[in-house]
file start33.tsv (TSV, C-alpha atoms)
chain	number	residue	atom	x	y	z
F	1	ALA	CA	104.24	105.10	110.31
F	2	TYR	CA	102.52	107.35	107.85
F	3	GLY	CA	102.41	111.01	106.89
F	4	ILE	CA	99.27	112.86	105.90
F	5	GLU	CA	99.67	115.67	103.41
F	6	ILE	CA	96.01	116.69	103.47
F	7	ILE	CA	92.94	115.08	105.02
F	8	ARG	CA	89.29	115.95	105.50
F	9	ALA	CA	87.51	113.58	107.84
F	10	GLY	CA	84.84	113.11	110.45
F	11	ILE	CA	85.93	111.77	113.84
F	12	GLU	CA	83.46	109.65	115.80
F	13	SER	CA	83.64	108.26	119.31
F	14	ILE	CA	83.11	104.52	119.50
F	15	ARG	CA	81.51	104.96	122.93
F	16	ALA	CA	77.89	106.07	122.68
F	17	GLY	CA	77.29	109.40	124.39
F	18	GLN	CA	81.00	109.96	125.09
F	19	PRO	CA	83.21	112.68	123.58
F	20	VAL	CA	86.17	112.02	121.31
F	21	VAL	CA	89.21	111.62	123.58
F	22	PHE	CA	92.40	112.29	121.66
F	23	ASP	CA	94.58	110.88	124.46
F	24	ASP	CA	92.93	107.47	123.91
F	25	THR	CA	93.50	106.39	120.31
F	26	HIS	CA	91.21	103.39	120.83
F	27	SER	CA	88.24	105.65	121.64
F	28	PHE	CA	87.46	106.97	118.17
F	29	VAL	CA	87.32	106.19	114.46
F	30	MET	CA	88.40	108.56	111.68
F	31	ARG	CA	86.03	108.44	108.69
F	32	ILE	CA	87.93	109.88	105.73
F	33	ALA	CA	86.15	112.06	103.20
F	34	SER	CA	89.30	112.76	101.18
F	35	ALA	CA	93.01	112.43	101.85
F	36	ASP	CA	96.45	112.26	100.31
F	37	ALA	CA	98.84	110.26	102.46
F	38	ALA	CA	102.33	108.84	102.11
F	39	VAL	CA	104.08	105.96	103.85
F	40	THR	CA	107.86	105.88	103.41
F	41	THR	CA	109.22	102.50	102.34
F	42	GLY	CA	111.18	102.26	105.59
F	43	ASP	CA	108.11	103.04	107.69
F	44	LEU	CA	106.03	100.55	105.69
F	45	ALA	CA	108.61	97.84	106.42
F	46	ARG	CA	108.49	98.68	110.14
F	47	LEU	CA	104.70	98.64	110.06
F	48	LEU	CA	104.68	95.19	108.44
F	49	ASN	CA	107.30	93.77	110.84
F	50	ASN	CA	106.07	95.38	114.06
F	51	TYR	CA	102.29	95.34	113.58
F	52	VAL	CA	100.85	93.52	110.56
F	53	PHE	CA	102.99	90.38	110.98
F	54	ALA	CA	103.89	90.77	114.65
F	55	TYR	CA	102.38	87.51	115.86
F	56	PRO	CA	103.76	84.06	116.77
F	57	LYS	CA	104.73	81.89	113.81
F	58	ALA	CA	104.08	84.63	111.26
F	59	PRO	CA	105.01	83.22	107.83
F	60	LEU	CA	106.85	86.36	106.71
F	61	ILE	CA	109.66	87.95	108.76
F	62	ASP	CA	112.53	90.45	108.38
F	63	LEU	CA	110.68	92.37	105.69
F	64	HIS	CA	112.26	95.17	103.65
F	65	VAL	CA	110.39	97.44	101.24
F	66	SER	CA	111.86	99.55	98.45
F	67	ALA	CA	111.01	101.00	95.05
F	68	ASP	CA	112.11	99.24	91.87
F	69	GLY	CA	111.39	101.90	89.30
F	70	ALA	CA	107.59	102.24	89.23
F	71	ARG	CA	107.20	98.90	91.01
F	72	ILE	CA	107.41	97.88	94.65
F	73	ARG	CA	110.02	95.43	95.91
F	74	LEU	CA	109.35	93.28	98.96
F	75	ARG	CA	112.17	91.21	100.46
F	76	GLY	CA	112.29	89.07	103.56
F	77	LYS	CA	112.22	85.51	104.82
F	78	LEU	CA	109.55	82.89	104.27
F	79	ARG	CA	109.06	80.39	107.08
F	80	LYS	CA	108.55	77.27	105.04
F	81	GLY	CA	110.78	74.33	105.91
F	82	GLY	CA	113.29	76.83	107.28
F	83	ASP	CA	113.73	80.56	106.82
F	84	LEU	CA	113.95	80.95	103.04
F	85	PRO	CA	114.91	84.36	101.64
F	86	PHE	CA	112.42	85.69	99.11
F	87	ASP	CA	112.33	88.66	96.78
F	88	ILE	CA	109.14	89.89	95.11
F	89	VAL	CA	108.88	92.72	92.60
F	90	GLY	CA	105.37	93.75	91.63
F	91	ASP	CA	102.93	96.35	90.38
F	92	LEU	CA	101.16	98.44	93.02
F	93	SER	CA	97.54	99.54	92.64
F	94	ALA	CA	94.27	100.12	94.46
F	95	THR	CA	91.45	97.60	94.02
F	96	PRO	CA	87.79	98.59	93.54
F	97	GLY	CA	87.22	97.33	97.08
F	98	GLY	CA	89.78	99.76	98.53
F	99	GLU	CA	92.70	97.40	99.15
F	100	ILE	CA	96.34	97.90	98.17
F	101	ARG	CA	97.24	95.22	95.64
F	102	ILE	CA	100.77	93.96	94.97
F	103	HIS	CA	100.73	91.96	91.74
F	104	PRO	CA	104.09	90.13	91.41
F	105	THR	CA	105.96	90.39	88.12
F	106	HIS	CA	109.00	88.56	89.51
F	107	ILE	CA	109.39	86.13	92.43
F	108	ASP	CA	112.63	84.66	93.79
F	109	VAL	CA	112.69	82.13	96.62
F	110	ALA	CA	116.02	81.04	98.11
F	111	ARG	CA	117.62	83.23	95.39
F	112	LEU	CA	116.10	81.10	92.62
F	113	PRO	CA	113.46	82.38	90.17
F	114	ALA	CA	110.23	80.85	91.45
F	115	GLY	CA	107.53	82.46	89.33
F	116	GLY	CA	107.96	80.10	86.38
F	117	LEU	CA	108.26	77.07	88.67
F	118	LEU	CA	105.04	77.92	90.50
F	119	HIS	CA	103.27	78.23	87.17
F	120	LEU	CA	104.80	74.98	85.90
F	121	VAL	CA	103.60	72.91	88.85
F	122	GLY	CA	100.28	74.73	89.14
F	123	ILE	CA	100.92	76.22	92.58
F	124	LYS	CA	99.90	79.73	93.60
F	125	LEU	CA	101.51	81.89	96.26
F	126	ASP	CA	98.44	81.55	98.49
F	127	GLN	CA	99.15	77.81	98.72
F	128	LEU	CA	102.58	78.55	100.18
F	129	VAL	CA	101.74	81.47	102.47
F	130	ASN	CA	98.90	81.67	104.99
F	131	LEU	CA	98.30	85.23	106.20
F	132	SER	CA	95.11	84.54	108.15
F	133	GLY	CA	96.71	85.63	111.42
F	134	SER	CA	97.89	88.99	110.14
F	135	ARG	CA	96.44	92.43	110.79
F	136	GLY	CA	95.20	93.67	107.44
F	137	ALA	CA	97.00	91.44	104.92
F	138	ARG	CA	95.90	88.56	102.74
F	139	VAL	CA	97.09	86.65	99.69
F	140	ALA	CA	94.92	85.44	96.82
F	141	GLY	CA	96.44	83.58	93.90
F	142	ASN	CA	99.85	85.22	93.53
F	143	ASP	CA	98.66	88.65	94.63
F	144	VAL	CA	99.26	90.20	98.06
F	145	TYR	CA	96.59	92.56	99.41
F	146	LEU	CA	96.98	95.12	102.20
F	147	GLN	CA	93.92	96.64	103.86
F	148	PRO	CA	94.52	100.25	105.04
F	149	ASP	CA	91.63	100.23	107.52
F	150	SER	CA	93.08	97.20	109.34
F	151	MET	CA	96.85	97.40	108.85
F	152	LEU	CA	97.38	100.70	110.67
F	153	PRO	CA	97.50	100.87	114.47
F	154	PRO	CA	94.86	102.96	116.28
F	155	PRO	CA	93.28	105.36	115.73
F	156	HIS	CA	91.48	103.24	113.16
F	157	ILE	CA	90.44	104.72	109.86
F	158	ARG	CA	87.50	104.08	107.58
F	159	GLY	CA	87.84	105.33	104.05
F	160	ARG	CA	87.65	104.49	100.36
F	161	LEU	CA	91.09	104.04	98.83
F	162	VAL	CA	91.00	105.02	95.15
F	163	ALA	CA	94.69	105.10	94.15
F	164	ALA	CA	98.04	103.67	95.24
F	165	ARG	CA	101.45	104.14	93.69
F	166	ILE	CA	105.10	104.10	94.67
F	167	ASP	CA	107.87	106.58	94.01
F	168	ALA	CA	111.51	106.55	95.05
F	169	HIS	CA	110.74	107.13	98.71
F	170	ALA	CA	107.17	106.27	99.61
F	171	VAL	CA	103.92	104.52	98.89
F	172	ARG	CA	101.37	107.23	98.09
F	173	LEU	CA	97.70	106.68	98.84
F	174	THR	CA	94.63	108.67	97.78
F	175	PHE	CA	91.28	108.38	99.52
F	176	GLU	CA	88.00	109.76	98.17
F	177	ASP	CA	84.54	108.91	99.52
F	178	PRO	CA	81.55	110.45	97.70
F	179	ALA	CA	79.33	109.51	100.65
F	180	MET	CA	81.39	111.91	102.80
F	181	ALA	CA	81.28	114.79	100.30
F	182	ALA	CA	79.39	117.05	102.71
F	183	THR	CA	82.12	116.60	105.33
F	184	ALA	CA	84.81	117.47	102.80
F	185	SER	CA	83.04	120.60	101.55
F	186	ALA	CA	82.28	121.85	105.07
F	187	ALA	CA	85.81	121.38	106.41
F	188	GLY	CA	87.07	124.84	105.48
F	189	HIS	CA	90.32	126.47	106.51
F	190	PRO	CA	91.26	127.62	110.01
F	191	PRO	CA	91.17	131.33	110.87
F	192	GLU	CA	94.96	131.53	111.36
F	193	ALA	CA	97.09	130.81	108.28
F	194	ALA	CA	99.80	128.17	108.82
F	195	ALA	CA	101.83	125.76	106.71
F	196	ASN	CA	100.89	122.78	108.91
F	197	TRP	CA	97.60	122.72	110.80
F	198	ILE	CA	94.77	120.63	112.18
F	199	TYR	CA	91.34	122.23	112.48
F	200	PHE	CA	88.52	120.73	114.54
F	201	ARG	CA	84.96	121.99	114.21
F	202	HIS	CA	81.72	121.00	115.94
F	203	ASP	CA	80.87	118.23	118.39
F	204	THR	CA	82.67	117.62	121.68
F	205	ILE	CA	86.35	116.78	122.10
F	206	ARG	CA	88.75	116.27	125.00
F	207	ILE	CA	92.53	116.70	124.87
F	208	GLY	CA	94.22	116.37	128.25
F	209	ARG	CA	92.46	118.86	130.54
F	210	LEU	CA	90.88	120.70	127.64
F	211	PHE	CA	87.18	119.90	127.19
F	212	MET	CA	85.42	121.71	124.35
F	213	VAL	CA	81.74	121.59	123.38
F	214	ASP	CA	80.86	122.61	119.80
F	215	ALA	CA	84.59	122.68	119.11
F	216	ASP	CA	86.31	125.37	117.06
F	217	LEU	CA	89.98	124.57	117.63
F	218	GLU	CA	93.07	125.05	115.49
F	219	LEU	CA	96.40	123.37	116.24
F	220	ALA	CA	99.19	124.84	114.14
F	221	LYS	CA	102.92	124.34	113.85
F	222	ARG	CA	104.74	127.64	113.95
F	223	GLU	CA	108.27	128.30	112.79
F	224	ALA	CA	110.59	129.22	115.65
F	225	GLN	CA	111.31	132.92	115.90
F	226	ILE	CA	115.01	133.76	116.12
F	227	ALA	CA	115.78	136.80	118.26
F	228	ARG	CA	118.07	139.35	116.64

call {"tool": "encode", "arguments": {"input": "start33.tsv", "output": "structure tokens"}}
result
Amino acid sequence: AYGIEIIRAGIESIRAGQPVVFDDTHSFVMRIASADAAVTTGDLARLLNNYVFAYPKAPLIDLHVSADGARIRLRGKLRKGGDLPFDIVGDLSATPGGEIRIHPTHIDVARLPAGGLLHLVGIKLDQLVNLSGSRGARVAGNDVYLQPDSMLPPPHIRGRLVAARIDAHAVRLTFEDPAMAATASAAGHPPEAAANWIYFRHDTIRIGRLFMVDADLELAKREAQIAR
């Protein structure tokens, strides 16, 4: 559901004394030192529908995500006395605590402007929507918060989100963790030049039948050679 443009990270097994097993995404955690990642609006909608809110009686269903200029637009149905269509346009940002914040600038419920009505009667969005059963989402006041370390399926990530923005096609996320600076500086480049690559160094890893101690492994995507 997401694309990584560049990432430097440490990968740790969650099983003491066991190697990182790449065939088992539940067996390890990725601790991000720095990363630039992008989630297309279509993939974000699928992630919300099929993972974050994929539980019985979820209050939000049939979600669609798109860009509205520099803002994010979230449409779907609110289960509140029936399935009510809603439409939220809001500013996207990263919080100091590393969450993705959607701050609504416009709210429609059942195709009627609801922002002014909520303010008039003193009701906040969190009084209408309970997201306690979700994976990595919460609402406080009128703001919706998404938690990257909980909202993505395994392998789980741990990292410090420092920026979030939306363009015409994707939500773009930047991670930077000063505590992992040594990992970032030691990552280096693989010995074989390639446009797309993953480079593993040190510790013990297992991929299928491959078992490597003190790993020094490059996986690279090569362009197909056309015979002439």

call {"tool": "atom_distance", "arguments": {"input": "start33.tsv", "atom1": "atom CA of Leu146 of chain F", "atom2": "atom CA of Asp24 of chain F"}}
result
25.3 Å

call {"tool": "axis_aligned_box", "arguments": {"input": "start33.tsv", "around": "segment 217-220 of chain F", "padding_each_side": "8 Å", "output": "JSON"}}
result
{"center_x": 94.6, "center_y": 124.2, "center_z": 115.9, "size_x": 25.2, "size_y": 17.7, "size_z": 19.5}

call {"tool": "residues_around", "arguments": {"input": "start33.tsv", "residues": "segment 95-108 of chain F", "least_positions_apart": "4", "cutoff": "8 Å", "atoms": "only C-alpha atoms", "output": "list of chain:residue names"}}
result
F:Ile72, F:Phe86, F:Asp87, F:Ile88, F:Val89, F:Gly90, F:Asp91, F:Leu112, F:Pro113, F:Ala114, F:Gly115, F:Asn142, F:Asp143, F:Val144, F:Tyr145, F:Leu146, F:Gln147, F:Pro148, F:Arg160, F:Leu161, F:Val162, F:Ala164

call {"tool": "residues_around", "arguments": {"input": "start33.tsv", "residues": "segment 75-80 of chain F", "least_positions_apart": "6", "cutoff": "6 Å", "atoms": "only C-alpha atoms", "output": "PDB file with C-alpha atoms, in the coordinates of the input"}}
result
ATOM      1  CA  PRO F  59     105.010  83.220 107.830  1.00  0.00           C
ATOM      2  CA  LEU F  60     106.850  86.360 106.710  1.00  0.00           C
ATOM      3  CA  ILE F  61     109.660  87.950 108.760  1.00  0.00           C
ATOM      4  CA  ASP F  62     112.530  90.450 108.380  1.00  0.00           C
ATOM      5  CA  LEU F  63     110.680  92.370 105.690  1.00  0.00           C
ATOM      6  CA  HIS F  64     112.260  95.170 103.650  1.00  0.00           C
ATOM      7  CA  PHE F  86     112.420  85.690  99.110  1.00  0.00           C
ATOM      8  CA  ASP F  87     112.330  88.660  96.780  1.00  0.00           C
TER       9      ASP F  87
END

call {"tool": "closest_residue", "arguments": {"input": "start33.tsv", "among": "F:Ala168, F:Leu47, F:Ile11, F:Leu74", "to": "Val29 of chain F", "atoms": "all atoms listed in the file"}}
result
F:Ile11

call {"tool": "atom_distance", "arguments": {"input": "start33.tsv", "atom1": "atom CA of Thr41 of chain F", "atom2": "atom CA of Gly141 of chain F"}}
result
24.3 Å

call {"tool": "residues_around", "arguments": {"input": "start33.tsv", "residues": "Gly10 of chain F", "least_positions_apart": "4", "cutoff": "8 Å", "atoms": "only C-alpha atoms", "output": "NGL selection string"}}
result
:F and (30-33 or 183)

call {"tool": "residues_around", "arguments": {"input": "start33.tsv", "residues": "Leu131 of chain F", "least_positions_apart": "2", "cutoff": "10 Å", "atoms": "all atoms listed in the file", "output": "list of chain:residue names"}}
result
F:Val52, F:Phe53, F:Ala58, F:Pro59, F:Leu60, F:Asp126, F:Leu128, F:Val129, F:Gly133, F:Ser134, F:Arg135, F:Gly136, F:Ala137, F:Arg138, F:Val139, F:Ala140, F:Val144

call {"tool": "closest_residue", "arguments": {"input": "start33.tsv", "among": "F:Asp149, F:Asp216, F:Asp167, F:Asp23", "to": "Val65 of chain F", "atoms": "all atoms listed in the file"}}
result
F:Asp167

call {"tool": "atom_distance", "arguments": {"input": "start33.tsv", "atom1": "atom CA of Val213 of chain F", "atom2": "atom CA of Ile7 of chain F"}}
result
22.5 Å

call {"tool": "closest_residue", "arguments": {"input": "start33.tsv", "among": "F:Arg165, F:Ala110, F:Thr204, F:Arg71", "to": "Leu84 of chain F", "atoms": "only C-alpha atoms"}}
result
F:Ala110

call {"tool": "residues_near_point", "arguments": {"input": "start33.tsv", "point": "(98.2, 121.6, 99.7)", "cutoff": "10 Å", "atoms": "all atoms listed in the file", "output": "JSON, numbers by chain"}}
result
{"F": [5, 6, 7, 36, 195, 196]}

call {"tool": "closest_residue", "arguments": {"input": "start33.tsv", "among": "F:Ser13, F:Leu217, F:Val39, F:Gln18", "to": "Tyr199 of chain F", "atoms": "all atoms listed in the file"}}
result
F:Leu217

call {"tool": "decode", "arguments": {"input": "start33.tsv", "residues": "segment 17-44 of chain F", "atoms": "N, CA, C and O atoms", "output": "mmCIF file, in the first residue's frame"}}
result
data_model
loop_
_atom_site.group_PDB
_atom_site.id
_atom_site.type_symbol
_atom_site.label_atom_id
_atom_site.label_comp_id
_atom_site.auth_asym_id
_atom_site.auth_seq_id
_atom_site.Cartn_x
_atom_site.Cartn_y
_atom_site.Cartn_z
ATOM 1 N N GLY F 17 17.300 -13.954 20.070
ATOM 2 C CA GLY F 17 18.221 -15.000 19.639
ATOM 3 C C GLY F 17 17.921 -15.589 18.284
ATOM 4 O O GLY F 17 18.631 -16.499 17.839
ATOM 5 N N GLN F 18 16.872 -15.102 17.602
ATOM 6 C CA GLN F 18 16.490 -15.632 16.303
ATOM 7 C C GLN F 18 16.854 -14.634 15.202
ATOM 8 O O GLN F 18 16.856 -13.421 15.424
ATOM 9 N N PRO F 19 17.172 -15.138 13.999
ATOM 10 C CA PRO F 19 17.508 -14.222 12.909
ATOM 11 C C PRO F 19 16.266 -13.521 12.365
ATOM 12 O O PRO F 19 15.131 -13.922 12.647
ATOM 13 N N VAL F 20 16.487 -12.481 11.587
ATOM 14 C CA VAL F 20 15.409 -11.837 10.852
ATOM 15 C C VAL F 20 14.988 -12.760 9.709
ATOM 16 O O VAL F 20 15.822 -13.178 8.902
ATOM 17 N N VAL F 21 13.703 -13.093 9.663
ATOM 18 C CA VAL F 21 13.183 -14.002 8.633
ATOM 19 C C VAL F 21 12.280 -13.189 7.713
ATOM 20 O O VAL F 21 11.160 -12.826 8.092
ATOM 21 N N PHE F 22 12.749 -12.918 6.515
ATOM 22 C CA PHE F 22 11.993 -12.048 5.621
ATOM 23 C C PHE F 22 10.728 -12.699 5.077
ATOM 24 O O PHE F 22 9.837 -12.011 4.592
ATOM 25 N N ASP F 23 10.644 -14.029 5.144
ATOM 26 C CA ASP F 23 9.417 -14.705 4.695
ATOM 27 C C ASP F 23 8.299 -14.581 5.722
ATOM 28 O O ASP F 23 7.153 -14.890 5.424
ATOM 29 N N ASP F 24 8.623 -14.152 6.936
ATOM 30 C CA ASP F 24 7.635 -13.996 8.004
ATOM 31 C C ASP F 24 7.615 -12.523 8.413
ATOM 32 O O ASP F 24 8.447 -12.079 9.207
ATOM 33 N N THR F 25 6.673 -11.770 7.873
ATOM 34 C CA THR F 25 6.645 -10.328 8.122
ATOM 35 C C THR F 25 6.297 -9.988 9.562
ATOM 36 O O THR F 25 6.464 -8.844 9.982
ATOM 37 N N HIS F 26 5.808 -10.970 10.321
ATOM 38 C CA HIS F 26 5.501 -10.736 11.733
ATOM 39 C C HIS F 26 6.734 -10.936 12.620
ATOM 40 O O HIS F 26 6.655 -10.718 13.830
ATOM 41 N N SER F 27 7.854 -11.357 12.045
ATOM 42 C CA SER F 27 9.003 -11.750 12.852
ATOM 43 C C SER F 27 9.975 -10.613 13.118
ATOM 44 O O SER F 27 10.924 -10.798 13.881
ATOM 45 N N PHE F 28 9.774 -9.449 12.500
ATOM 46 C CA PHE F 28 10.743 -8.382 12.681
ATOM 47 C C PHE F 28 10.087 -7.005 12.665
ATOM 48 O O PHE F 28 8.948 -6.832 12.234
ATOM 49 N N VAL F 29 10.836 -6.035 13.168
ATOM 50 C CA VAL F 29 10.422 -4.642 13.204
ATOM 51 C C VAL F 29 11.463 -3.824 12.445
ATOM 52 O O VAL F 29 12.665 -4.065 12.569
ATOM 53 N N MET F 30 10.997 -2.860 11.659
ATOM 54 C CA MET F 30 11.891 -1.976 10.928
ATOM 55 C C MET F 30 11.965 -0.638 11.658
ATOM 56 O O MET F 30 10.970 0.065 11.779
ATOM 57 N N ARG F 31 13.148 -0.301 12.171
ATOM 58 C CA ARG F 31 13.351 0.958 12.887
ATOM 59 C C ARG F 31 13.984 1.960 11.921
ATOM 60 O O ARG F 31 15.151 1.823 11.544
ATOM 61 N N ILE F 32 13.202 2.964 11.547
ATOM 62 C CA ILE F 32 13.603 3.871 10.475
ATOM 63 C C ILE F 32 14.518 4.967 11.003
ATOM 64 O O ILE F 32 14.196 5.677 11.957
ATOM 65 N N ALA F 33 15.667 5.114 10.346
ATOM 66 C CA ALA F 33 16.560 6.234 10.630
ATOM 67 C C ALA F 33 16.156 7.441 9.798
ATOM 68 O O ALA F 33 16.038 8.555 10.300
ATOM 69 N N SER F 34 15.932 7.225 8.517
ATOM 70 C CA SER F 34 15.442 8.284 7.634
ATOM 71 C C SER F 34 14.746 7.631 6.447
ATOM 72 O O SER F 34 15.129 6.537 6.021
ATOM 73 N N ALA F 35 13.721 8.299 5.939
ATOM 74 C CA ALA F 35 12.977 7.733 4.812
ATOM 75 C C ALA F 35 12.115 8.787 4.149
ATOM 76 O O ALA F 35 11.635 9.722 4.804
ATOM 77 N N ASP F 36 11.944 8.629 2.853
ATOM 78 C CA ASP F 36 10.948 9.367 2.083
ATOM 79 C C ASP F 36 10.035 8.327 1.459
ATOM 80 O O ASP F 36 10.494 7.452 0.712
ATOM 81 N N ALA F 37 8.755 8.393 1.791
ATOM 82 C CA ALA F 37 7.801 7.399 1.319
ATOM 83 C C ALA F 37 6.578 8.093 0.738
ATOM 84 O O ALA F 37 6.309 9.261 1.039
ATOM 85 N N ALA F 38 5.860 7.377 -0.099
ATOM 86 C CA ALA F 38 4.650 7.924 -0.711
ATOM 87 C C ALA F 38 3.564 6.863 -0.721
ATOM 88 O O ALA F 38 3.828 5.692 -0.997
ATOM 89 N N VAL F 39 2.358 7.272 -0.392
ATOM 90 C CA VAL F 39 1.187 6.399 -0.449
ATOM 91 C C VAL F 39 0.215 7.038 -1.434
ATOM 92 O O VAL F 39 -0.248 8.165 -1.208
ATOM 93 N N THR F 40 -0.087 6.367 -2.540
ATOM 94 C CA THR F 40 -1.038 6.936 -3.483
ATOM 95 C C THR F 40 -2.394 7.078 -2.804
ATOM 96 O O THR F 40 -2.717 6.333 -1.870
ATOM 97 N N THR F 41 -3.189 8.029 -3.270
ATOM 98 C CA THR F 41 -4.502 8.239 -2.651
ATOM 99 C C THR F 41 -5.381 6.997 -2.786
ATOM 100 O O THR F 41 -6.124 6.656 -1.871
ATOM 101 N N GLY F 42 -5.261 6.291 -3.898
ATOM 102 C CA GLY F 42 -6.029 5.058 -4.070
ATOM 103 C C GLY F 42 -5.590 3.978 -3.103
ATOM 104 O O GLY F 42 -6.418 3.272 -2.511
ATOM 105 N N ASP F 43 -4.267 3.833 -2.920
ATOM 106 C CA ASP F 43 -3.753 2.836 -1.990
ATOM 107 C C ASP F 43 -4.095 3.199 -0.547
ATOM 108 O O ASP F 43 -4.361 2.320 0.275
ATOM 109 N N LEU F 44 -4.081 4.503 -0.230
ATOM 110 C CA LEU F 44 -4.456 4.918 1.120
ATOM 111 C C LEU F 44 -5.912 4.575 1.406
ATOM 112 O O LEU F 44 -6.256 4.100 2.495
#
